[in-house]
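Let me begin by presenting the structure, written as structure tokens, before commenting on it.
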Amino acid sequence: MAIFDKFKSLVEIRQAMEENCSDFFNIVMEDISSTTEAVVNGRKVILAGTNNYLGLTFNEECIRASCLAVEKEGTGTTGSRMANGTFSGHVALENELSEFFDRSHTIVFSTGYVANLAILSTLVGSGEVILLDADCHASIYDGCRLGGAEVIRFRHNDIGDLEKRLRRLEKRNTNVLIVVEGLYSMMGDRAPLADIAALKNKYKAYLVVDEAHSLGVLGKNGRGLAEEAGVEESVDFVIGTFSKSLGAIGGFCSSNHPELNLIRYASRPYIFTASSSPSTIASTRTALRIMQEKPELQHRLWDNANLLYKRLKGLDLNVGPEASPIIAIRYSNVEDAFGIWNGLLKLGIYVNMVLPPATPDGGALLRCSLSAALSTEQVEKIGDAFALLNS
Ligand code: PMP
């Protein structure tokens, strides 16, 4: 058997799909005209699936900070912090994140994926247990797999199922780490965090919340779902990314446990990859400041989210249970989803197409994510396009 034989079924599926939807497999952003518009495969489109929640990727201050950092410190660090040393920007960003979250310690990682890999694989190991919401992101699953802990999934957002498992684990007298997200990345629904925090305290477990999609999106100060739900004190470790509201790339973990710093010496995904480039750190620091100075960005994002959610729900589309800057429409049939996705592209709207196994229940999703940078007119156009294709 040749090494690529195992991909045969994938190739067949792709070929069958490509006949109906060749654009999907060949998407190239040929020109990024602005935060909200691009030329994709020769067509000018509105970007309705960017995760660019606060619309900061083209912010002038962020761009200027990034350019200055390149000029001053070069294009990259060319190695990990362990080997090549820490740049002053890494420390400054870690301190600023600690201050923002009002926590004593923060570690910055090269991506959000690496943050989950590093923290989850290192915090718990053999003989210990991770209790994981079934809908958690792939990076959380991969982090769990990389460490030696026993991994037990509980049903998505099901407090009863979580408590049943905590009760069983009580007898084992071992460390239990509960891992959930703030806003779930696919359907945009919130974790019932107040209830989860109460269970965490009752059963003396530890709690990790990945606020990747809720940083800058939820909470009066943008600190995420834990802030909105008023349970920040019960969260042991906040994980997040710079690749969404902060418009760059990178990840972090903040905690009041001083032992967090030990992760730097024990975690392979921290030790064995290059640290973030100076330009990335500089734009992220600027975006973090702007996010705090301009709460109106969060308000604008929610105006857009509420407007589109109301519109799509009014069309009887199978949207999630609550309005959110992530609005996903479920299709039980992959071909139907491809048809609509293709139609949207032709009408000048780009959304994310999500296929199994990335979807929670095996169907397909068309996933919109809103941005504060979208104008009301652009949001109306997204709604109009769905209405036209749904008629
Ligand atoms: N956690 C969640 C919940 C995510 O949705 C993502 C990315 N979509 C990540 C982590 C990984 O973040 P990054 O893109 O920074 O690697």
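Ordering of the structure tokens sets the chain letters (A, B, ...); residue numbers start at 1 within each chain; ligands are numbered from 1 in the order shown.
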- Just the alpha helix (DSSP H) stuff from stretch 36-219 of chain A, please, per backbone DSSP, written as an MDAnalysis selection string. chainID A and resid 60:73 81:84 88:101 112:123 138:146 159:170 193:202
- Query: Counting only C-alpha atoms and all ligand atoms, what residues are within 6 Å of ligand 1, given as a list in words?
  - Reply: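 Checked against 6 Å with only C-alpha atoms and all ligand atoms; the hits are Thr111, Gly112, Tyr113, His137, Ser139, Ser185, Asp210, Ala212, Thr241, Ser243, Ile249, Gly250 and Gly251 of chain A.
Ranking A:Gly89, A:Leu344, A:Phe338, A:Gln378 by their shortest atom-to-atom distance to A:Glu19, with only C-alpha atoms included, puts A:Phe338 first.
Across A:Phe101, A:Phe237, A:Phe272, A:Tyr184, the tightest approach to A:Leu260 is made by A:Phe237 when counting only C-alpha atoms.
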- Message: I need the residues in stretch 89-300 of chain A that are strand (DSSP E) according to DSSP; give them as a PyMOL selection string.
- Response: chain A and resi 105-109+129-133+150-154+176-181+206-210+237-241+251-255
- Message: Measuring between only C-alpha atoms, which one of A:Leu207, A:Ile178, A:Val40, A:Leu123 shows the shortest distance to A:Glu259?
- Response: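 Checking each of A:Leu207, A:Ile178, A:Val40, A:Leu123 against A:Glu259, counting only C-alpha atoms, the winner is A:Leu123.
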Polymer residues at most 12 Å from A:Asp195, only C-alpha atoms, same-chain spacing of 6 or more positions, as a CSV table (one decimal) with all heavy atoms, in the first residue's frame:
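Everything below was put into out-v9.csv:
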```
chain,number,residue,atom,x,y,z
A,157,ASN,N,-22.7,21.9,27.1
A,157,ASN,CA,-23.5,22.8,28.0
A,157,ASN,C,-24.5,22.1,28.9
A,157,ASN,O,-25.5,22.7,29.4
A,157,ASN,CB,-24.2,23.8,27.1
A,157,ASN,CG,-23.3,25.0,26.7
A,157,ASN,OD1,-22.2,25.1,27.2
A,157,ASN,ND2,-23.8,25.9,25.9
A,158,ASP,N,-24.2,20.8,29.2
A,158,ASP,CA,-25.2,20.0,30.0
A,158,ASP,C,-24.7,19.9,31.4
A,158,ASP,O,-23.8,19.1,31.8
A,158,ASP,CB,-25.3,18.6,29.4
A,158,ASP,CG,-26.4,17.8,30.0
A,158,ASP,OD1,-26.7,18.0,31.2
A,158,ASP,OD2,-27.0,16.9,29.3
A,159,ILE,N,-25.2,20.8,32.3
A,159,ILE,CA,-24.8,20.9,33.7
A,159,ILE,C,-25.0,19.6,34.4
A,159,ILE,O,-24.2,19.1,35.3
A,159,ILE,CB,-25.5,22.0,34.4
A,159,ILE,CG1,-24.9,23.3,33.8
A,159,ILE,CG2,-25.4,22.0,35.9
A,159,ILE,CD1,-23.5,23.5,34.1
A,160,GLY,N,-26.1,18.9,34.1
A,160,GLY,CA,-26.5,17.7,34.8
A,160,GLY,C,-25.5,16.6,34.5
A,160,GLY,O,-25.0,15.9,35.4
A,162,LEU,N,-22.4,17.1,33.5
A,162,LEU,CA,-21.1,17.5,34.2
A,162,LEU,C,-21.1,17.1,35.7
A,162,LEU,O,-20.2,16.5,36.2
A,162,LEU,CB,-20.9,19.0,34.0
A,162,LEU,CG,-19.7,19.6,34.8
A,162,LEU,CD1,-18.4,18.9,34.3
A,162,LEU,CD2,-19.6,21.1,34.6
A,163,GLU,N,-22.2,17.4,36.3
A,163,GLU,CA,-22.2,17.1,37.8
A,163,GLU,C,-22.2,15.5,38.0
A,163,GLU,O,-21.5,15.1,38.9
A,163,GLU,CB,-23.5,17.7,38.5
A,163,GLU,CG,-23.5,17.2,39.9
A,163,GLU,CD,-24.1,18.2,40.9
A,163,GLU,OE1,-25.0,19.0,40.5
A,163,GLU,OE2,-23.7,18.3,42.1
A,201,ASN,N,-16.5,24.8,42.2
A,201,ASN,CA,-16.2,25.1,43.6
A,201,ASN,C,-16.7,24.0,44.5
A,201,ASN,O,-16.0,23.6,45.4
A,201,ASN,CB,-16.8,26.4,44.0
A,201,ASN,CG,-16.1,27.6,43.3
A,201,ASN,OD1,-14.9,27.5,43.1
A,201,ASN,ND2,-16.8,28.6,42.9
A,202,LYS,N,-17.9,23.5,44.2
A,202,LYS,CA,-18.5,22.4,45.1
A,202,LYS,C,-17.6,21.2,45.1
A,202,LYS,O,-17.4,20.6,46.1
A,202,LYS,CB,-19.9,22.1,44.5
A,202,LYS,CG,-20.6,21.0,45.3
A,202,LYS,CD,-22.0,20.8,44.7
A,202,LYS,CE,-22.7,19.6,45.3
A,202,LYS,NZ,-24.0,19.3,44.6
A,226,ALA,N,-16.5,35.1,31.5
A,226,ALA,CA,-16.3,35.1,33.0
A,226,ALA,C,-16.7,36.4,33.6
A,226,ALA,O,-17.3,36.5,34.6
A,226,ALA,CB,-14.9,34.6,33.3
A,229,ALA,N,-20.5,36.9,33.3
A,229,ALA,CA,-21.3,36.0,34.3
A,229,ALA,C,-20.9,36.3,35.7
A,229,ALA,O,-21.5,35.8,36.7
A,229,ALA,CB,-21.0,34.6,33.9
A,230,GLY,N,-19.9,37.2,35.9
A,230,GLY,CA,-19.5,37.6,37.3
A,230,GLY,C,-18.8,36.4,38.1
A,230,GLY,O,-18.9,36.3,39.3
A,231,VAL,N,-18.0,35.6,37.4
A,231,VAL,CA,-17.4,34.5,38.0
A,231,VAL,C,-15.9,34.4,37.8
A,231,VAL,O,-15.3,33.3,37.9
A,231,VAL,CB,-18.1,33.1,37.6
A,231,VAL,CG1,-19.5,33.0,38.1
A,231,VAL,CG2,-18.0,32.9,36.1
A,234,SER,N,-13.6,32.4,40.1
A,234,SER,CA,-13.7,30.9,40.0
A,234,SER,C,-12.9,30.3,38.9
A,234,SER,O,-12.8,29.1,38.8
A,234,SER,CB,-15.2,30.4,40.0
A,234,SER,OG,-15.8,30.8,41.1
```
- For stretch 311-314 of chain A, work out the shell of residues within 9 Å, counting only C-alpha atoms and skipping chain neighbours fewer than 2 positions away, then give it as JSON, numbers by chain. {"A": [306, 307, 308, 309, 316, 317, 318, 319, 327, 329, 380, 383, 384, 386, 387]}
- Query: So how far away is atom CA of A:Leu166 from atom CA of A:Glu211, in Å?
  - Reply: 22.9 Å
- Task: Would you list the contacts of stretch 361-373 of chain A as a ChimeraX atom specification, taking every protein, DNA or RNA residue within 7 Å and counting only C-alpha atoms, but skipping same-chain residues closer than 4 positions in sequence?
- Result: /A:35-36,48-55,297-298,300-301,304-305,325-334,337,351-357
- Task: Excluding stretch 141-150 of chain A and any residue of its chain fewer than 3 positions from it, enumerate the residues within 6 Å of it, using only C-alpha atoms, and give them as a list in words.
- Result: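 Once the nearby chain positions are removed, what remains is Asn116, Leu117, Leu120, Ser121, Val124, Gly125, Ser126, Glu128, Val129 and Ala138 of chain A.
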- Query: What lies within 12 Å of A:Lys44 using only C-alpha atoms, ignoring chain neighbours under 2 positions off, as an MDAnalysis selection string?
  - Reply: chainID A and resid 28:34 36:42 46:47 344:350
File of the preceding selection, N, CA and C atoms, as a compact mmCIF listing (two decimals), in the first residue's frame:
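Once everything was written out, this is selection_30.txt:
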```
# COMPACT_ATOMS: atom_id res chain seq x y z
N VAL A 28 -8.97 32.16 -3.05
CA VAL A 28 -7.78 32.99 -2.85
C VAL A 28 -8.27 34.42 -2.61
N MET A 29 -7.81 35.00 -1.53
CA MET A 29 -8.11 36.41 -1.26
C MET A 29 -7.11 37.21 -2.09
N GLU A 30 -7.52 37.62 -3.27
CA GLU A 30 -6.54 38.23 -4.19
C GLU A 30 -6.18 39.66 -3.77
N ASP A 31 -7.15 40.33 -3.19
CA ASP A 31 -6.86 41.69 -2.73
C ASP A 31 -7.69 41.94 -1.47
N ILE A 32 -7.02 42.29 -0.39
CA ILE A 32 -7.76 42.61 0.83
C ILE A 32 -7.94 44.13 0.81
N SER A 33 -9.11 44.57 0.36
CA SER A 33 -9.30 46.01 0.14
C SER A 33 -9.45 46.77 1.45
N SER A 34 -10.05 46.12 2.45
CA SER A 34 -10.28 46.79 3.74
C SER A 34 -10.60 45.72 4.76
N THR A 36 -13.40 44.91 5.75
CA THR A 36 -14.67 44.24 5.46
C THR A 36 -14.85 43.81 4.01
N GLU A 37 -13.88 44.15 3.14
CA GLU A 37 -14.04 43.80 1.72
C GLU A 37 -12.76 43.22 1.14
N ALA A 38 -12.95 42.28 0.22
CA ALA A 38 -11.79 41.68 -0.46
C ALA A 38 -12.20 41.28 -1.87
N VAL A 39 -11.20 40.99 -2.69
CA VAL A 39 -11.49 40.40 -3.99
C VAL A 39 -11.15 38.92 -3.87
N VAL A 40 -12.16 38.08 -4.05
CA VAL A 40 -12.00 36.63 -3.91
C VAL A 40 -12.32 35.98 -5.25
N ASN A 41 -11.37 35.26 -5.78
CA ASN A 41 -11.55 34.60 -7.07
C ASN A 41 -12.17 35.55 -8.11
N GLY A 42 -11.62 36.75 -8.14
CA GLY A 42 -12.05 37.72 -9.16
C GLY A 42 -13.32 38.49 -8.80
N ILE A 46 -18.14 41.10 0.33
CA ILE A 46 -18.18 41.56 1.73
C ILE A 46 -17.72 40.39 2.58
N LEU A 47 -16.80 40.63 3.51
CA LEU A 47 -16.28 39.56 4.35
C LEU A 47 -17.19 39.38 5.57
N LEU A 344 -24.11 32.67 -2.28
CA LEU A 344 -23.70 33.86 -1.52
C LEU A 344 -22.46 34.48 -2.16
N LEU A 345 -21.52 33.63 -2.53
CA LEU A 345 -20.28 34.14 -3.14
C LEU A 345 -20.60 34.89 -4.43
N LYS A 346 -21.52 34.32 -5.22
CA LYS A 346 -21.89 34.99 -6.48
C LYS A 346 -22.56 36.33 -6.21
N LEU A 347 -23.25 36.41 -5.07
CA LEU A 347 -23.91 37.68 -4.71
C LEU A 347 -22.95 38.62 -3.96
N GLY A 348 -21.70 38.20 -3.82
CA GLY A 348 -20.70 39.09 -3.20
C GLY A 348 -20.62 39.00 -1.69
N ILE A 349 -20.93 37.81 -1.14
CA ILE A 349 -20.85 37.64 0.32
C ILE A 349 -19.98 36.42 0.61
N TYR A 350 -18.98 36.61 1.45
CA TYR A 350 -18.13 35.47 1.81
C TYR A 350 -18.40 35.07 3.26
```
- Query: atom CA of A:Ala118 to atom CA of A:Gly76: how many Å, to one decimal?
  - Reply: 21.3 Å
- Counting only C-alpha atoms, the residue of A:Ala134, A:Ala274, A:Glu233, A:Gly188 that sits nearest A:Thr78: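 Using only C-alpha atoms, the shortest distance to A:Thr78 belongs to A:Ala274.
With only C-alpha atoms as the atoms that count, the minimum distance from A:Ser275 to the choices A:Met82, A:Trp341, A:Leu93, A:Glu296 is reached by A:Met82.
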